[in-house]
file query_18.tsv (TSV, C-alpha atoms)
chain	number	residue	atom	x	y	z
A	1	MET	CA	-67.86	181.90	88.61
A	2	THR	CA	-64.73	179.96	87.70
A	3	PHE	CA	-61.58	181.47	86.24
A	4	ASP	CA	-62.26	179.57	82.99
A	5	GLN	CA	-65.71	181.18	82.79
A	6	LEU	CA	-64.27	184.63	83.52
A	7	GLN	CA	-61.56	184.57	80.84
A	8	PRO	CA	-63.89	185.14	77.85
A	9	LYS	CA	-65.67	187.90	79.79
A	10	VAL	CA	-62.34	189.68	80.34
A	11	THR	CA	-61.51	189.35	76.64
A	12	GLU	CA	-64.96	190.67	75.73
A	13	ILE	CA	-64.30	193.79	77.85
A	14	THR	CA	-60.82	194.43	76.43
A	15	SER	CA	-62.12	193.93	72.87
A	16	ASN	CA	-64.94	196.47	73.27
A	17	SER	CA	-64.21	199.25	70.78
A	18	ILE	CA	-66.64	201.74	72.33
A	19	LEU	CA	-65.22	201.94	75.86
A	20	SER	CA	-62.15	203.98	76.83
A	21	ARG	CA	-59.16	202.21	78.35
A	22	ASP	CA	-60.07	203.39	81.87
A	23	GLU	CA	-63.67	202.27	81.38
A	24	LYS	CA	-62.42	198.83	80.35
A	25	LEU	CA	-60.10	198.63	83.37
A	26	LEU	CA	-62.92	199.63	85.71
A	27	LYS	CA	-65.24	197.02	84.15
A	28	ILE	CA	-62.56	194.35	84.66
A	29	CYS	CA	-62.15	195.39	88.31
A	30	THR	CA	-65.91	195.25	88.81
A	31	LEU	CA	-66.21	191.87	87.09
A	32	LEU	CA	-63.49	190.33	89.27
A	33	LYS	CA	-64.76	191.81	92.53
A	34	GLU	CA	-68.34	190.73	91.85
A	35	SER	CA	-67.42	187.27	90.54
A	36	ILE	CA	-64.81	186.07	93.03
A	37	GLU	CA	-66.04	185.99	96.59
A	38	TYR	CA	-62.69	186.64	98.27
A	39	TYR	CA	-61.65	189.54	95.97
A	40	ASN	CA	-62.66	192.51	98.14
A	41	TRP	CA	-60.60	195.29	96.50
A	42	VAL	CA	-59.45	195.13	92.89
A	43	GLY	CA	-57.41	197.83	91.22
A	44	PHE	CA	-54.63	198.77	88.87
A	45	TYR	CA	-51.51	200.80	89.58
A	46	PHE	CA	-49.35	202.21	86.78
A	47	ARG	CA	-45.85	203.59	86.63
A	48	ASN	CA	-45.88	207.39	86.70
A	49	GLY	CA	-43.93	208.16	83.52
A	50	LYS	CA	-40.22	207.74	84.24
A	51	LYS	CA	-40.61	208.38	87.98
A	52	GLU	CA	-40.00	205.48	90.31
A	53	GLU	CA	-43.53	205.55	91.68
A	54	LEU	CA	-46.91	204.03	90.98
A	55	LEU	CA	-50.14	205.94	90.44
A	56	LEU	CA	-53.50	204.45	91.31
A	57	GLY	CA	-55.64	203.70	88.29
A	58	PRO	CA	-59.20	202.41	88.11
A	59	TYR	CA	-60.31	200.31	91.08
A	60	VAL	CA	-63.35	199.02	92.95
A	61	GLY	CA	-63.63	198.56	96.69
A	62	SER	CA	-63.07	200.78	99.68
A	63	ALA	CA	-61.50	204.17	99.07
A	64	THR	CA	-57.74	204.28	99.55
A	65	ASP	CA	-55.31	207.01	100.51
A	66	HIS	CA	-52.57	205.16	98.61
A	67	THR	CA	-52.82	206.97	95.29
A	68	ILE	CA	-49.03	207.21	94.89
A	69	ILE	CA	-46.70	204.39	95.97
A	70	PRO	CA	-42.91	204.74	95.74
A	71	PHE	CA	-41.02	201.83	94.18
A	72	GLY	CA	-39.90	199.43	96.89
A	73	LYS	CA	-42.60	200.54	99.37
A	74	GLY	CA	-45.32	198.05	100.31
A	75	ILE	CA	-46.29	195.01	98.28
A	76	CYS	CA	-47.08	197.01	95.12
A	77	GLY	CA	-43.83	198.96	95.34
A	78	GLN	CA	-41.87	195.73	95.76
A	79	VAL	CA	-43.50	194.20	92.66
A	80	ALA	CA	-42.56	197.34	90.69
A	81	VAL	CA	-38.92	196.52	91.51
A	82	SER	CA	-38.94	192.68	91.43
A	83	ASN	CA	-41.11	192.26	88.31
A	84	THR	CA	-42.57	189.11	89.87
A	85	ASN	CA	-45.89	188.10	91.36
A	86	PHE	CA	-46.21	188.62	95.10
A	87	VAL	CA	-48.74	186.62	97.11
A	88	VAL	CA	-49.14	187.62	100.75
A	89	PRO	CA	-51.15	185.02	102.70
A	90	ASP	CA	-51.21	187.18	105.85
A	91	VAL	CA	-50.47	190.91	105.57
A	92	ALA	CA	-49.89	191.10	109.35
A	93	ALA	CA	-46.76	188.96	108.86
A	94	GLN	CA	-45.25	191.34	106.27
A	95	ASP	CA	-42.70	193.91	107.41
A	96	ASN	CA	-42.97	196.11	104.31
A	97	TYR	CA	-46.76	196.28	104.10
A	98	ILE	CA	-48.75	199.49	103.68
A	99	ALA	CA	-51.95	199.01	105.67
A	100	CYS	CA	-55.01	200.06	103.71
A	101	SER	CA	-57.67	198.82	106.11
A	102	PHE	CA	-57.84	196.61	109.17
A	103	THR	CA	-60.21	194.36	107.20
A	104	VAL	CA	-57.51	193.40	104.67
A	105	LYS	CA	-55.99	190.04	105.59
A	106	SER	CA	-54.18	189.04	102.39
A	107	GLU	CA	-53.04	190.46	99.07
A	108	ILE	CA	-51.89	189.39	95.62
A	109	VAL	CA	-50.09	191.66	93.15
A	110	VAL	CA	-49.25	190.62	89.58
A	111	PRO	CA	-47.09	192.83	87.33
A	112	LEU	CA	-48.36	194.06	83.97
A	113	PHE	CA	-45.87	193.93	81.10
A	114	VAL	CA	-46.03	195.69	77.75
A	115	ASN	CA	-43.23	194.81	75.32
A	116	GLY	CA	-41.26	193.29	78.20
A	117	GLU	CA	-41.49	196.43	80.36
A	118	ASN	CA	-43.30	196.45	83.73
A	119	ILE	CA	-45.77	199.33	83.31
A	120	GLY	CA	-48.01	198.55	86.27
A	121	GLN	CA	-49.86	195.85	88.11
A	122	ILE	CA	-53.16	194.45	89.22
A	123	ASP	CA	-53.62	194.49	92.98
A	124	ILE	CA	-56.19	192.41	94.87
A	125	ASP	CA	-56.95	192.64	98.59
A	126	SER	CA	-58.95	190.03	100.47
A	127	HIS	CA	-60.66	190.01	103.85
A	128	VAL	CA	-59.80	186.29	104.05
A	129	LEU	CA	-56.51	184.83	105.27
A	130	ASP	CA	-54.54	182.89	102.63
A	131	PRO	CA	-57.19	182.53	99.89
A	132	PHE	CA	-54.92	182.96	96.85
A	133	THR	CA	-53.65	179.94	94.93
A	134	ALA	CA	-51.53	179.32	91.85
A	135	ALA	CA	-54.82	179.38	89.92
A	136	ASP	CA	-55.36	183.00	90.99
A	137	GLU	CA	-51.86	183.86	89.80
A	138	ARG	CA	-52.38	182.22	86.39
A	139	PHE	CA	-55.77	183.90	85.98
A	140	LEU	CA	-54.43	187.35	86.89
A	141	GLU	CA	-51.50	186.83	84.51
A	142	PHE	CA	-54.10	186.15	81.80
A	143	VAL	CA	-56.01	189.31	82.77
A	144	ASN	CA	-52.82	191.35	82.50
A	145	GLN	CA	-51.98	189.84	79.11
A	146	GLU	CA	-55.38	191.01	77.89
A	147	VAL	CA	-54.97	194.44	79.51
A	148	ALA	CA	-51.51	194.82	77.93
A	149	LYS	CA	-53.23	194.84	74.51
A	150	LEU	CA	-54.81	198.18	75.50
A	151	PHE	CA	-51.40	199.92	75.60

call {"tool": "encode", "arguments": {"input": "query_18.tsv", "output": "structure tokens"}}
result
Amino acid sequence: MTFDQLQPKVTEITSNSILSRDEKLLKICTLLKESIEYYNWVGFYFRNGKKEELLLGPYVGSATDHTIIPFGKGICGQVAVSNTNFVVPDVAAQDNYIACSFTVKSEIVVPLFVNGENIGQIDIDSHVLDPFTAADERFLEFVNQEVAKLF
């Protein structure tokens, strides 16, 4: 399924008045993982109140031990500080990478802003080297704009 085909499906999920916020986030994770071949783990991390750490939110994919990530640590922690997208074509080439699984080859993390404040991020792992393009970034920015409406 193309990103253009997925956009209305994401909006449909976020507009659903029956589902809770976490249910909507989980449905988005499931939609992305099932629709994009190289998205092998899809999840959200959110800032833990005023603490400089991220807490794992809804996700789909292999279980992870990384339920709390300090700001600055790993790719997600770096995005919490930089407020910018981070595309990692090859995680083995990254010094500040928190290994989740030996099967993960690449990662993309896109910050989630509400009223100009970085409150979290969407994190995607892939078992493929260098699959992420600018189109992935734009699509995930769209997803986060839709998710921001839930806060």

call {"tool": "closest_residue", "arguments": {"input": "query_18.tsv", "among": "A:Glu23, A:Ala148, A:Leu140, A:Thr103", "to": "Ile122 of chain A", "atoms": "all atoms listed in the file"}}
result
A:Leu140

call {"tool": "closest_residue", "arguments": {"input": "query_18.tsv", "among": "A:Ser126, A:Ser15, A:Thr67, A:Thr84", "to": "Arg47 of chain A", "atoms": "all atoms listed in the file"}}
result
A:Thr67

call {"tool": "atom_distance", "arguments": {"input": "query_18.tsv", "atom1": "atom CA of Asn85 of chain A", "atom2": "atom CA of Thr64 of chain A"}}
result
21.7 Å

call {"tool": "residues_around", "arguments": {"input": "query_18.tsv", "residues": "Met1 of chain A", "least_positions_apart": "2", "cutoff": "8 Å", "atoms": "only C-alpha atoms", "output": "compact mmCIF listing (two decimals) with C-alpha atoms, in the frame of the given file"}}
result
# COMPACT_ATOMS: atom_id res chain seq x y z
CA PHE A 3 -61.58 181.47 86.24
CA GLN A 5 -65.71 181.18 82.79
CA LEU A 6 -64.27 184.63 83.52
CA SER A 35 -67.42 187.27 90.54
CA ILE A 36 -64.81 186.07 93.03

call {"tool": "residues_around", "arguments": {"input": "query_18.tsv", "residues": "Ile13 of chain A", "least_positions_apart": "4", "cutoff": "9 Å", "atoms": "only C-alpha atoms", "output": "ChimeraX atom specification"}}
result
/A:8-9,17,19,24-25,27-28

call {"tool": "residues_around", "arguments": {"input": "query_18.tsv", "residues": "Phe71 of chain A", "least_positions_apart": "4", "cutoff": "7 Å", "atoms": "only C-alpha atoms", "output": "list in words"}}
result
Glu52, Glu53, Gly77, Gln78, Ala80 and Val81 of chain A

call {"tool": "write_last_selection", "arguments": {"input": "query_18.tsv", "atoms": "C-alpha atoms", "output": "compact mmCIF listing (two decimals), in the coordinates of the input"}}
result
# COMPACT_ATOMS: atom_id res chain seq x y z
CA GLU A 52 -40.00 205.48 90.31
CA GLU A 53 -43.53 205.55 91.68
CA GLY A 77 -43.83 198.96 95.34
CA GLN A 78 -41.87 195.73 95.76
CA ALA A 80 -42.56 197.34 90.69
CA VAL A 81 -38.92 196.52 91.51

call {"tool": "residues_around", "arguments": {"input": "query_18.tsv", "residues": "Gly116 of chain A", "least_positions_apart": "5", "cutoff": "12 Å", "atoms": "all atoms listed in the file", "output": "count of residues only"}}
result
4

call {"tool": "closest_residue", "arguments": {"input": "query_18.tsv", "among": "A:Val114, A:Leu31, A:Val104, A:Ile75", "to": "Asp130 of chain A", "atoms": "all atoms listed in the file"}}
result
A:Val104

call {"tool": "closest_residue", "arguments": {"input": "query_18.tsv", "among": "A:Phe139, A:Phe86, A:Phe113, A:Phe151", "to": "Asp22 of chain A", "atoms": "all atoms listed in the file"}}
result
A:Phe151

call {"tool": "closest_residue", "arguments": {"input": "query_18.tsv", "among": "A:Lys50, A:Glu34, A:Gly57, A:Cys76", "to": "Asp123 of chain A", "atoms": "all atoms listed in the file"}}
result
A:Cys76

call {"tool": "axis_aligned_box", "arguments": {"input": "query_18.tsv", "around": "segment 22-31 of chain A", "padding_each_side": "3 Å", "output": "AutoDock Vina command-line options"}}
result
--center_x -63.1 --center_y 197.6 --center_z 84.6 --size_x 12.1 --size_y 17.5 --size_z 14.5

call {"tool": "residues_near_point", "arguments": {"input": "query_18.tsv", "point": "(-47.3, 191.8, 85.2)", "cutoff": "7 Å", "atoms": "all atoms listed in the file", "output": "number ranges by chain"}}
result
A: 83, 110-113, 118, 120-121, 141, 144

call {"tool": "closest_residue", "arguments": {"input": "query_18.tsv", "among": "A:Val42, A:Leu150, A:Ala135, A:Leu54", "to": "Glu107 of chain A", "atoms": "all atoms listed in the file"}}
result
A:Val42

call {"tool": "atom_distance", "arguments": {"input": "query_18.tsv", "atom1": "atom CA of Thr30 of chain A", "atom2": "atom CA of Ile18 of chain A"}}
result
17.7 Å

call {"tool": "atom_distance", "arguments": {"input": "query_18.tsv", "atom1": "atom CA of Gly74 of chain A", "atom2": "atom CA of Asp95 of chain A"}}
result
8.6 Å

call {"tool": "residues_around", "arguments": {"input": "query_18.tsv", "residues": "Pro58 of chain A", "least_positions_apart": "2", "cutoff": "6 Å", "atoms": "all atoms listed in the file", "output": "ChimeraX atom specification"}}
result
/A:26,43-44
